[in-house]
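Student: Below is the file structure_9.cif, which contains mmCIF, C-alpha atoms.
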data_protein
#
loop_
_atom_site.label_atom_id
_atom_site.label_comp_id
_atom_site.auth_asym_id
_atom_site.auth_seq_id
_atom_site.Cartn_x
_atom_site.Cartn_y
_atom_site.Cartn_z
CA MET A 1 -55.82 -46.08 42.57
CA LYS A 2 -52.88 -44.63 40.56
CA LEU A 3 -49.75 -46.61 40.30
CA ASP A 4 -46.41 -44.80 40.89
CA HIS A 5 -44.13 -45.09 37.89
CA LYS A 6 -40.42 -44.75 38.39
CA ARG A 7 -38.94 -41.71 36.67
CA LYS A 8 -36.98 -42.84 33.67
CA PRO A 9 -33.42 -41.77 33.64
CA ASN A 10 -32.48 -39.00 31.18
CA SER A 11 -31.88 -40.72 27.84
CA ARG A 12 -29.88 -37.86 26.32
CA LYS A 13 -26.15 -38.49 25.91
CA PRO A 14 -23.86 -36.22 27.80
CA ILE A 15 -22.44 -33.37 25.68
CA LYS A 16 -18.74 -33.82 24.96
CA SER A 17 -16.35 -31.03 25.76
CA SER A 18 -15.70 -28.53 22.87
CA LYS A 19 -12.06 -28.55 23.92
CA SER A 20 -11.41 -32.00 22.49
CA SER A 21 -13.09 -30.97 19.21
CA LYS A 22 -10.84 -27.95 18.83
CA VAL A 23 -7.76 -30.07 19.52
CA SER A 24 -8.81 -32.50 16.83
CA GLN A 25 -9.42 -29.70 14.29
CA ARG A 26 -6.10 -28.08 15.10
CA GLY A 27 -4.32 -31.35 14.54
CA TYR A 28 -6.01 -31.74 11.18
CA LEU A 29 -4.93 -28.26 10.11
CA ILE A 30 -1.37 -28.88 11.26
CA ASN A 31 -1.24 -32.11 9.34
CA LEU A 32 -2.69 -30.37 6.30
CA PHE A 33 -0.12 -27.60 6.61
CA LEU A 34 2.73 -30.07 6.98
CA LEU A 35 1.50 -31.99 3.97
CA GLY A 36 1.30 -28.80 1.92
CA LEU A 37 4.75 -27.79 3.12
CA LEU A 38 6.12 -31.18 2.19
CA LEU A 39 4.54 -31.04 -1.24
CA GLY A 40 5.79 -27.47 -1.72
CA CYS A 41 9.32 -28.46 -0.76
CA ALA A 42 9.13 -31.42 -3.11
CA LEU A 43 7.89 -29.17 -5.91
CA MET A 44 10.62 -26.61 -5.25
CA ALA A 45 13.28 -29.32 -5.15
CA SER A 46 11.96 -30.80 -8.37
CA LEU A 47 11.80 -27.34 -9.99
CA ALA A 48 15.34 -26.53 -8.84
CA TYR A 49 16.70 -29.79 -10.23
CA TRP A 50 14.82 -29.35 -13.50
CA SER A 51 15.92 -25.73 -13.92
CA GLN A 52 19.63 -26.65 -13.95
CA ASN A 53 19.49 -29.09 -16.86
CA PRO A 54 20.13 -27.79 -20.40
CA VAL A 55 17.12 -27.87 -22.69
CA GLU A 56 17.33 -29.19 -26.22
CA HIS A 57 16.50 -26.90 -29.12
CA GLU A 58 14.00 -27.80 -31.76
CA ASN A 59 15.66 -29.57 -34.71
CA HIS A 60 18.99 -29.18 -32.88
CA LYS A 61 19.25 -25.45 -33.61
CA ASN A 62 22.59 -24.00 -32.58
CA ILE A 63 21.22 -20.57 -31.75
CA ILE A 64 17.73 -19.42 -30.79
CA GLU A 65 16.91 -15.73 -31.16
CA LEU A 66 14.27 -14.11 -28.97
CA ASP A 67 13.03 -10.52 -29.12
CA ILE A 68 11.25 -9.37 -25.96
CA GLU A 69 9.09 -6.31 -26.42
CA PRO A 70 8.18 -3.90 -23.60
CA GLY A 71 5.00 -4.91 -21.80
CA GLN A 72 5.05 -8.61 -22.67
CA SER A 73 3.82 -10.93 -19.91
CA VAL A 74 5.83 -13.82 -18.54
CA ARG A 75 3.50 -16.33 -20.18
CA GLN A 76 3.83 -14.59 -23.55
CA ILE A 77 7.62 -14.62 -23.29
CA VAL A 78 7.76 -18.29 -22.32
CA SER A 79 5.33 -19.23 -25.07
CA GLN A 80 7.32 -17.23 -27.61
CA SER A 81 10.57 -18.96 -26.57
CA VAL A 82 8.96 -22.35 -27.14
CA HIS A 83 7.65 -21.19 -30.50
CA GLU A 84 11.21 -20.17 -31.47
CA GLY A 85 12.47 -23.67 -30.66
CA PHE A 86 13.35 -23.68 -26.94
CA LEU A 87 11.84 -27.05 -25.98
CA VAL A 88 10.97 -26.24 -22.39
CA ASN A 89 7.89 -27.15 -20.33
CA GLU A 90 5.93 -23.90 -20.45
CA GLU A 91 4.22 -24.29 -17.08
CA MET A 92 7.47 -25.21 -15.31
CA GLN A 93 9.29 -22.27 -16.91
CA TYR A 94 6.48 -19.94 -15.87
CA LEU A 95 6.59 -21.24 -12.27
CA LEU A 96 10.36 -20.80 -12.24
CA PHE A 97 9.96 -17.12 -13.07
CA LYS A 98 7.27 -16.70 -10.41
CA PHE A 99 8.94 -18.65 -7.58
CA SER A 100 12.30 -16.96 -8.24
CA GLY A 101 10.72 -13.56 -7.69
CA LEU A 102 12.37 -12.27 -10.88
CA SER A 103 9.38 -12.06 -13.18
CA ARG A 104 9.20 -8.27 -12.77
CA ASP A 105 12.87 -7.89 -13.65
CA ILE A 106 12.55 -9.09 -17.26
CA LYS A 107 14.10 -6.55 -19.63
CA ALA A 108 13.02 -5.93 -23.18
CA GLY A 109 15.69 -6.57 -25.77
CA SER A 110 17.18 -8.99 -28.27
CA TYR A 111 18.62 -12.24 -26.90
CA GLU A 112 20.39 -15.31 -28.23
CA PHE A 113 20.48 -18.73 -26.53
CA GLY A 114 23.04 -21.40 -27.31
CA PRO A 115 22.45 -25.15 -27.23
CA GLN A 116 23.50 -25.62 -23.58
CA VAL A 117 21.10 -23.13 -21.99
CA SER A 118 19.14 -24.35 -18.96
CA PRO A 119 15.77 -22.93 -17.83
CA TRP A 120 17.58 -21.08 -15.02
CA ASP A 121 20.12 -19.67 -17.49
CA PHE A 122 17.16 -18.42 -19.51
CA VAL A 123 15.70 -16.63 -16.47
CA GLN A 124 19.00 -15.03 -15.53
CA LYS A 125 19.79 -13.86 -19.05
CA VAL A 126 16.52 -12.02 -19.63
CA THR A 127 16.35 -10.54 -16.12
CA ARG A 128 19.94 -9.28 -16.19
CA GLY A 129 19.35 -7.78 -19.62
CA ASP A 130 22.23 -9.68 -21.24
CA GLU A 131 21.18 -8.64 -24.70
CA THR A 132 22.80 -9.99 -27.81
CA LEU A 133 24.41 -6.84 -29.16
CA LYS A 134 24.99 -6.26 -32.83
CA SER A 135 27.75 -4.02 -34.11
CA ILE A 136 28.59 -1.73 -36.99
CA THR A 137 32.06 -0.52 -37.96
CA PHE A 138 32.79 2.87 -39.49
CA ILE A 139 36.06 2.65 -41.44
CA GLU A 140 38.80 5.28 -41.33
CA GLY A 141 38.72 7.21 -44.59
CA TRP A 142 35.02 6.68 -45.29
CA ASN A 143 33.05 9.72 -46.34
CA PHE A 144 29.59 10.42 -44.95
CA ARG A 145 27.87 8.93 -47.98
CA GLN A 146 29.62 5.61 -47.34
CA LEU A 147 28.76 5.79 -43.64
CA ARG A 148 25.06 6.33 -44.38
CA ASN A 149 25.09 3.46 -46.84
CA ALA A 150 26.49 1.16 -44.14
CA LEU A 151 23.74 2.24 -41.73
CA ASN A 152 21.03 1.63 -44.30
CA LYS A 153 22.36 -1.88 -44.97
CA THR A 154 22.26 -2.87 -41.29
CA PRO A 155 18.87 -4.59 -40.81
CA GLU A 156 19.04 -4.72 -37.00
CA LEU A 157 18.93 -0.91 -36.80
CA LYS A 158 15.85 1.26 -36.85
CA HIS A 159 16.39 3.49 -39.88
CA ASP A 160 15.24 6.87 -38.59
CA SER A 161 17.85 8.74 -40.65
CA MET A 162 16.68 7.29 -43.95
CA GLY A 163 15.09 9.99 -46.05
CA LEU A 164 16.69 12.81 -44.06
CA SER A 165 19.23 15.12 -45.65
CA ASP A 166 22.71 15.40 -44.17
CA GLN A 167 21.77 18.79 -42.71
CA GLU A 168 18.58 17.39 -41.18
CA ILE A 169 20.56 14.58 -39.55
CA MET A 170 22.97 17.06 -38.00
CA ALA A 171 20.03 19.12 -36.76
CA ARG A 172 18.55 16.00 -35.10
CA LEU A 173 21.92 15.50 -33.38
CA GLY A 174 21.90 19.06 -32.11
CA ALA A 175 24.94 19.97 -34.22
CA GLY A 176 23.46 23.06 -35.83
CA ASN A 177 25.27 24.13 -38.98
CA VAL A 178 28.22 21.79 -38.50
CA PRO A 179 28.81 19.83 -41.72
CA ALA A 180 28.24 16.10 -41.49
CA GLU A 181 31.42 15.19 -43.34
CA GLY A 182 34.28 14.09 -41.12
CA HIS A 183 32.51 14.70 -37.81
CA PHE A 184 31.94 11.05 -36.88
CA PHE A 185 34.71 9.01 -35.34
CA PRO A 186 35.57 5.79 -37.18
CA ASP A 187 35.16 2.91 -34.74
CA THR A 188 33.03 -0.16 -33.98
CA TYR A 189 29.75 0.65 -32.24
CA THR A 190 27.51 -1.94 -30.57
CA PHE A 191 23.75 -1.64 -30.26
CA GLY A 192 20.65 -3.60 -29.29
CA HIS A 193 18.02 -4.81 -31.73
CA ASN A 194 15.89 -2.03 -33.25
CA THR A 195 18.10 0.77 -31.91
CA SER A 196 17.69 4.01 -33.85
CA ASP A 197 20.53 4.67 -36.26
CA LEU A 198 20.45 8.26 -35.01
CA LYS A 199 21.59 7.00 -31.60
CA VAL A 200 24.59 5.30 -33.21
CA LEU A 201 25.40 8.48 -35.12
CA ALA A 202 25.07 10.51 -31.93
CA ARG A 203 27.66 8.31 -30.22
CA ALA A 204 30.06 8.58 -33.16
CA TYR A 205 29.56 12.36 -33.32
CA LYS A 206 30.18 12.73 -29.58
CA SER A 207 33.27 10.53 -29.83
CA MET A 208 34.79 12.64 -32.62
CA ASN A 209 34.14 15.86 -30.70
CA LYS A 210 35.86 14.41 -27.64
CA ARG A 211 38.88 13.08 -29.53
CA LEU A 212 39.30 16.25 -31.57
CA ALA A 213 39.20 18.36 -28.40
CA GLN A 214 41.81 16.13 -26.76
CA ALA A 215 44.07 16.25 -29.84
CA TRP A 216 43.75 20.03 -30.01
CA GLU A 217 44.72 20.43 -26.34
CA GLN A 218 47.79 18.23 -26.83
CA GLN A 219 48.99 19.78 -30.10
CA GLU A 220 52.60 20.57 -30.89
CA PRO A 221 53.46 24.11 -29.70
CA ASN A 222 53.71 27.00 -32.18
CA LEU A 223 51.58 25.58 -34.98
CA LYS A 224 50.68 28.63 -37.02
CA VAL A 225 48.70 27.30 -39.95
CA LEU A 226 45.80 25.69 -38.07
CA PRO A 227 43.71 28.41 -36.41
CA ASP A 228 41.05 26.17 -34.84
CA PRO A 229 40.06 22.52 -34.23
CA GLU A 230 37.94 22.44 -37.40
CA SER A 231 40.97 23.22 -39.55
CA ALA A 232 42.86 20.42 -37.80
CA LEU A 233 40.01 18.03 -38.59
CA ILE A 234 40.06 19.05 -42.26
CA LEU A 235 43.81 18.53 -42.51
CA ALA A 236 43.57 15.21 -40.67
CA SER A 237 41.02 14.00 -43.22
CA ILE A 238 43.43 14.81 -46.07
CA ILE A 239 46.28 13.04 -44.27
CA GLU A 240 44.01 10.02 -43.79
CA LYS A 241 43.37 9.75 -47.53
CA GLU A 242 46.97 10.42 -48.57
CA THR A 243 48.64 7.96 -46.18
CA GLY A 244 49.62 4.59 -47.62
CA GLN A 245 51.87 3.52 -44.75
CA ALA A 246 51.52 4.62 -41.15
CA LYS A 247 55.17 5.63 -40.85
CA ASP A 248 54.64 8.42 -43.41
CA ARG A 249 51.81 10.24 -41.62
CA ASP A 250 53.90 12.82 -39.80
CA MET A 251 55.92 13.60 -42.95
CA ILE A 252 52.78 14.01 -45.06
CA SER A 253 51.49 16.35 -42.36
CA SER A 254 54.78 18.25 -42.50
CA VAL A 255 54.47 18.78 -46.28
CA PHE A 256 51.00 20.27 -45.90
CA HIS A 257 52.03 22.44 -42.94
CA ASN A 258 55.01 23.72 -44.93
CA ARG A 259 52.85 24.51 -47.97
CA LEU A 260 50.21 26.29 -45.93
CA ALA A 261 52.94 28.35 -44.21
CA ILE A 262 54.18 29.79 -47.54
CA ASN A 263 50.72 30.07 -49.13
CA MET A 264 51.45 27.31 -51.63
CA PRO A 265 48.53 25.27 -53.04
CA LEU A 266 48.12 21.91 -51.33
CA GLN A 267 47.56 20.19 -54.70
CA THR A 268 46.25 16.98 -53.21
CA ASP A 269 44.24 14.62 -55.42
CA PRO A 270 41.86 13.26 -52.74
CA THR A 271 40.25 16.68 -52.28
CA VAL A 272 39.59 16.97 -56.00
CA ILE A 273 38.11 13.46 -56.07
CA TYR A 274 35.89 14.33 -53.11
CA GLY A 275 34.60 17.41 -54.92
CA LEU A 276 33.68 15.32 -57.95
CA GLY A 277 31.48 13.17 -55.70
CA GLU A 278 29.58 10.35 -57.36
CA ASN A 279 30.63 11.67 -60.77
CA PHE A 280 34.17 10.37 -60.20
CA ASN A 281 34.67 7.26 -62.32
CA GLY A 282 37.98 6.16 -60.82
CA ASN A 283 40.16 7.96 -63.35
CA LEU A 284 41.40 11.41 -62.30
CA THR A 285 42.20 13.46 -65.41
CA LYS A 286 44.15 16.68 -66.02
CA GLN A 287 40.84 18.33 -66.84
CA ASP A 288 39.55 17.33 -63.42
CA LEU A 289 42.52 19.06 -61.82
CA LYS A 290 41.75 22.25 -63.79
CA THR A 291 38.02 22.30 -63.11
CA ASP A 292 37.41 24.69 -60.23
CA HIS A 293 35.22 23.80 -57.25
CA PRO A 294 35.52 24.49 -53.49
CA TRP A 295 37.51 21.27 -52.86
CA ASN A 296 39.96 21.65 -55.74
CA THR A 297 43.25 22.37 -53.97
CA TYR A 298 44.96 22.82 -57.34
CA THR A 299 42.86 25.89 -58.20
CA ARG A 300 42.33 27.25 -54.68
CA LEU A 301 44.69 28.11 -51.86
CA GLY A 302 44.41 26.86 -48.31
CA LEU A 303 42.33 24.10 -46.83
CA PRO A 304 39.04 22.99 -48.43
CA PRO A 305 35.82 24.13 -46.73
CA THR A 306 35.05 20.78 -45.04
CA PRO A 307 36.76 17.51 -44.19
CA ILE A 308 36.74 14.95 -47.00
CA CYS A 309 36.40 11.80 -44.86
CA MET A 310 36.44 10.45 -41.31
CA PRO A 311 40.02 10.64 -40.00
CA GLY A 312 41.18 8.16 -37.39
CA LYS A 313 43.04 8.79 -34.15
CA MET A 314 46.50 8.62 -35.73
CA ALA A 315 45.59 11.04 -38.52
CA LEU A 316 44.28 13.52 -35.93
CA PHE A 317 47.54 13.18 -34.04
CA ALA A 318 49.65 13.64 -37.18
CA ALA A 319 47.76 16.78 -38.19
CA LEU A 320 48.77 18.41 -34.91
CA HIS A 321 52.23 16.82 -34.63
CA PRO A 322 53.92 17.23 -38.03
CA ALA A 323 57.47 16.04 -38.52
CA LYS A 324 60.09 18.78 -38.49
CA SER A 325 61.20 19.00 -42.10
CA GLN A 326 61.49 21.33 -45.10
CA ALA A 327 59.74 18.91 -47.45
CA LEU A 328 57.27 20.42 -49.88
CA TYR A 329 56.59 17.44 -52.13
CA PHE A 330 55.92 13.72 -51.97
CA VAL A 331 55.20 10.99 -54.49
CA ALA A 332 53.94 7.43 -54.14
CA LYS A 333 56.68 4.84 -54.50
CA GLY A 334 54.35 2.03 -55.51
CA ASP A 335 54.60 0.00 -52.31
CA GLY A 336 52.30 2.21 -50.24
CA SER A 337 55.09 4.43 -48.98
CA SER A 338 56.05 7.89 -50.23
CA GLN A 339 59.23 9.68 -51.31
CA PHE A 340 59.60 13.20 -49.84
CA SER A 341 61.51 16.05 -51.44
CA GLU A 342 62.40 19.63 -50.49
CA THR A 343 62.81 20.99 -54.03
CA LEU A 344 60.81 20.74 -57.23
CA GLN A 345 63.86 19.42 -59.07
CA ALA A 346 64.27 16.54 -56.59
CA HIS A 347 60.56 15.88 -56.71
CA ASN A 348 60.49 15.68 -60.51
CA ALA A 349 63.35 13.21 -60.39
CA ALA A 350 61.45 11.13 -57.84
CA VAL A 351 58.30 11.25 -59.96
CA ASP A 352 60.25 10.17 -63.03
CA ARG A 353 61.88 7.35 -61.11
CA TYR A 354 58.90 5.91 -59.28
CA GLN A 355 56.19 6.63 -61.82
CA ARG A 356 58.33 5.19 -64.61
CA ASN A 357 58.82 2.06 -62.51
CA LEU A 358 55.06 1.82 -62.06
CA ARG A 359 54.46 2.16 -65.79
CA ASP A 360 57.09 -0.49 -66.57
CA LYS A 361 55.48 -3.06 -64.24
#
What is this structure when it is put down as structure tokens?
Tutor:
Amino acid sequence: MKLDHKRKPNSRKPIKSSKSSKVSQRGYLINLFLLGLLLGCALMASLAYWSQNPVEHENHKNIIELDIEPGQSVRQIVSQSVHEGFLVNEEMQYLLFKFSGLSRDIKAGSYEFGPQVSPWDFVQKVTRGDETLKSITFIEGWNFRQLRNALNKTPELKHDSMGLSDQEIMARLGAGNVPAEGHFFPDTYTFGHNTSDLKVLARAYKSMNKRLAQAWEQQEPNLKVLPDPESALILASIIEKETGQAKDRDMISSVFHNRLAINMPLQTDPTVIYGLGENFNGNLTKQDLKTDHPWNTYTRLGLPPTPICMPGKMALFAALHPAKSQALYFVAKGDGSSQFSETLQAHNAAVDRYQRNLRDK
């Protein structure tokens, strides 16, 4: 006879609801997110505080120079700055660029950083493109040979003009057959590191064209001896070289206007000296005055074929605004000023007086 056994209760545990599991997982993710957010805020706050403090330079350098080339990465730029002596934490500086959203705004160029530059100053400087500009000054009265020499001695420039003839330079500037002499305005020109010297010349050439055009438009009415702007530029270059004191410019211009009007030789020494070129030894002789060449205004009438130097703004103005006078002569008085005369007799007396005084000193 079989015995009845009681059915054992189901030993399996009841399955928990999936809803409570999802709630628990969601809470974990929220907590993880909040923790990440908190850490991120802490990192950003720490980065912000760090970025505002000036960074010391290696060996207490006063100035750090940094050249950023096109295509350099942020890490390369930061590493290069440290190599140059900017004692910054590379990883922090890199993160500062990335978190600021400015890493794509970095501009190639030449930069200088003083001793009180902070990491944030560094970021702003290179993303704004606040380059450290160099400068070159072309002096009033320089000839083109002197100008080229100054360009060649400026190491921050890229010397694309070196080895080119004067005519080739003008062709590169789109000036055609215009002579190089006198066609560049004397001024101070700024440029970034490794700028082509042809770009500097182009700016000076454009500036002279603009100023000459303006001077020509504003000239004194009824000037008969200057047929075109080029002749005004040539005369202005002579005035520039002959002027010892600014107050004499318009009178020197008047003498040359008066001579040109009566077809009298200009007889000005600076043109003769220019024609001698590098052969001039500093002593102008009577033989030099007799030796004919295109710039010898003792042997040839009228203006020379080209300017003899770079005239400045005031010389351009004087060439087109001569004083109203009958003067045909002038002589240096020894103090930078000149004595003007209407007759040869008065001029000879002035020469005897002032030149004798110079010899006696």
Student: In Å, with one decimal, what is the gap from atom CA of Pro311 of chain A to atom CA of Val225 of chain A?
Tutor: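 Interatomic distance here is 18.8 Å.
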Student: Could you please determine the separation between atom CA of Pro54 of chain A and atom CA of Asp67 of chain A in Å, to one decimal place?
Tutor: 20.6 Å
Student: Applying 10 Å and all atoms listed in the file, which residues near Asn348 of chain A remain after dropping the ones on its own chain fewer than 4 positions away? List them as a ChimeraX atom specification.
Tutor: /A:329-331,341,343-344,352-354
Student: I'd like the interatomic distance between atom CA of Ile238 of chain A and atom CA of Ala202 of chain A, to a tenth of an Å.
Tutor: 23.6 Å
Student: Please list as a count of residues only every residue within 9 Å of segment 111-122 of chain A, counting all atoms listed in the file and excluding residues in the same chain fewer than 5 positions away.
Tutor: 31
Student: Excluding Ile136 of chain A and residues on its chain fewer than 3 positions from it, collect all residues at most 9 Å away from it, counting all atoms listed in the file, and give them as a ChimeraX atom specification.
Tutor: /A:150-151,154,187-191,200
Student: Please list as a PyMOL selection string every residue within 12 Å of Phe340 of chain A, counting only C-alpha atoms and excluding residues in the same chain fewer than 4 positions away.
Tutor: chain A and resi 248-256+323+325-333+344-351+354
Student: May I have the residues from that selection written out with C-alpha atoms, as a JSON list (two decimals), in the frame of the given file?
Tutor:
[["chain", "number", "residue", "atom", "x", "y", "z"],
["A", 248, "ASP", "CA", 54.64, 8.42, -43.41],
["A", 249, "ARG", "CA", 51.81, 10.24, -41.62],
["A", 250, "ASP", "CA", 53.90, 12.82, -39.80],
["A", 251, "MET", "CA", 55.92, 13.60, -42.95],
["A", 252, "ILE", "CA", 52.78, 14.01, -45.06],
["A", 253, "SER", "CA", 51.49, 16.35, -42.36],
["A", 254, "SER", "CA", 54.78, 18.25, -42.50],
["A", 255, "VAL", "CA", 54.47, 18.78, -46.28],
["A", 256, "PHE", "CA", 51.00, 20.27, -45.90],
["A", 323, "ALA", "CA", 57.47, 16.04, -38.52],
["A", 325, "SER", "CA", 61.20, 19.00, -42.10],
["A", 326, "GLN", "CA", 61.49, 21.33, -45.10],
["A", 327, "ALA", "CA", 59.74, 18.91, -47.45],
["A", 328, "LEU", "CA", 57.27, 20.42, -49.88],
["A", 329, "TYR", "CA", 56.59, 17.44, -52.13],
["A", 330, "PHE", "CA", 55.92, 13.72, -51.97],
["A", 331, "VAL", "CA", 55.20, 10.99, -54.49],
["A", 332, "ALA", "CA", 53.94, 7.43, -54.14],
["A", 333, "LYS", "CA", 56.68, 4.84, -54.50],
["A", 344, "LEU", "CA", 60.81, 20.74, -57.23],
["A", 345, "GLN", "CA", 63.86, 19.42, -59.07],
["A", 346, "ALA", "CA", 64.27, 16.54, -56.59],
["A", 347, "HIS", "CA", 60.56, 15.88, -56.71],
["A", 348, "ASN", "CA", 60.49, 15.68, -60.51],
["A", 349, "ALA", "CA", 63.35, 13.21, -60.39],
["A", 350, "ALA", "CA", 61.45, 11.13, -57.84],
["A", 351, "VAL", "CA", 58.30, 11.25, -59.96],
["A", 354, "TYR", "CA", 58.90, 5.91, -59.28]]
Student: Check the smallest atom-to-atom distance from each of A:Gly312, A:Ala204, A:Val74, A:Pro307 to Val178 of chain A using only C-alpha atoms, then report the winner.
Tutor: A:Pro307
Student: Go through A:Ile308, A:Ala318, A:Met264, A:Leu102 and flag the residue nearest Gly277 of chain A, using only C-alpha atoms for the distances.
Tutor: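 Using only C-alpha atoms, Gly277 of chain A sits closest to A:Ile308.
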Student: Nearest residue to Asp197 of chain A out of A:Glu181, A:Glu140, A:Asp166, A:Asp160, using only C-alpha atoms?
Tutor: A:Asp160
Student: Can you tell me, as a PyMOL selection string, what residues are no more than 9 Å from Phe185 of chain A when counting all atoms listed in the file, ignoring any on the same chain fewer than 3 positions away?
Tutor: chain A and resi 138-140+182+203-209+211+310-313
Student: A:Ser165, A:Gln339, A:Ala319, A:Gly174: which is nearest Pro229 of chain A, counting only C-alpha atoms?
Tutor: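 Checking each of A:Ser165, A:Gln339, A:Ala319, A:Gly174 against Pro229 of chain A, counting only C-alpha atoms, the winner is A:Ala319.
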Student: List as a PyMOL selection string: which residues have an atom within 12 Å of (44.1, 22.5, -28.9), counting all atoms listed in the file?
Tutor: chain A and resi 210-223+226-233+316-317+319-321
Student: From the set A:Thr195, A:Lys241, A:Gln76, A:Ser81, which residue has the shortest atom-to-atom contact distance to Asn143 of chain A, counting only C-alpha atoms?
Tutor: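 Selected residue with least distance to Asn143 of chain A: A:Lys241.
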Student: For a quick check of understanding, using all atoms listed in the file, which of A:Gly244, A:Gly282, A:Gly302, A:Gly85 has the smallest distance to Leu266 of chain A?
Tutor: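 Residue with the minimum atom-to-atom distance to Leu266 of chain A: A:Gly302.
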Student: List, as a list in words, every residue that the PyMOL selection byres ((chain A and resi 268) around 8) selects in the file provided.
Tutor: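 Selected by the PyMOL selection byres ((chain A and resi 268) around 8) in this file: Ile238, Leu266, Gln267, Asp269, Pro270, Thr271, Val272, Thr297 and Tyr298 of chain A.
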Student: Mind working out the centre and edge lengths of an axis-aligned box for segment 217-235 of chain A, all listed atoms inside, 5 Å added to each side, rounded to one decimal in Å and written as lines of an AutoDock Vina configuration file?
Tutor:
center_x = 45.8
center_y = 23.3
center_z = -34.4
size_x = 25.8
size_y = 20.6
size_z = 26.2
Student: Which residues would end up in the selection if the PyMOL selection byres ((chain A and resi 334) around 9) were applied here, given that I need the answer as a PyMOL selection string?
Tutor: chain A and resi 332-333+335-338+354-355+357-358
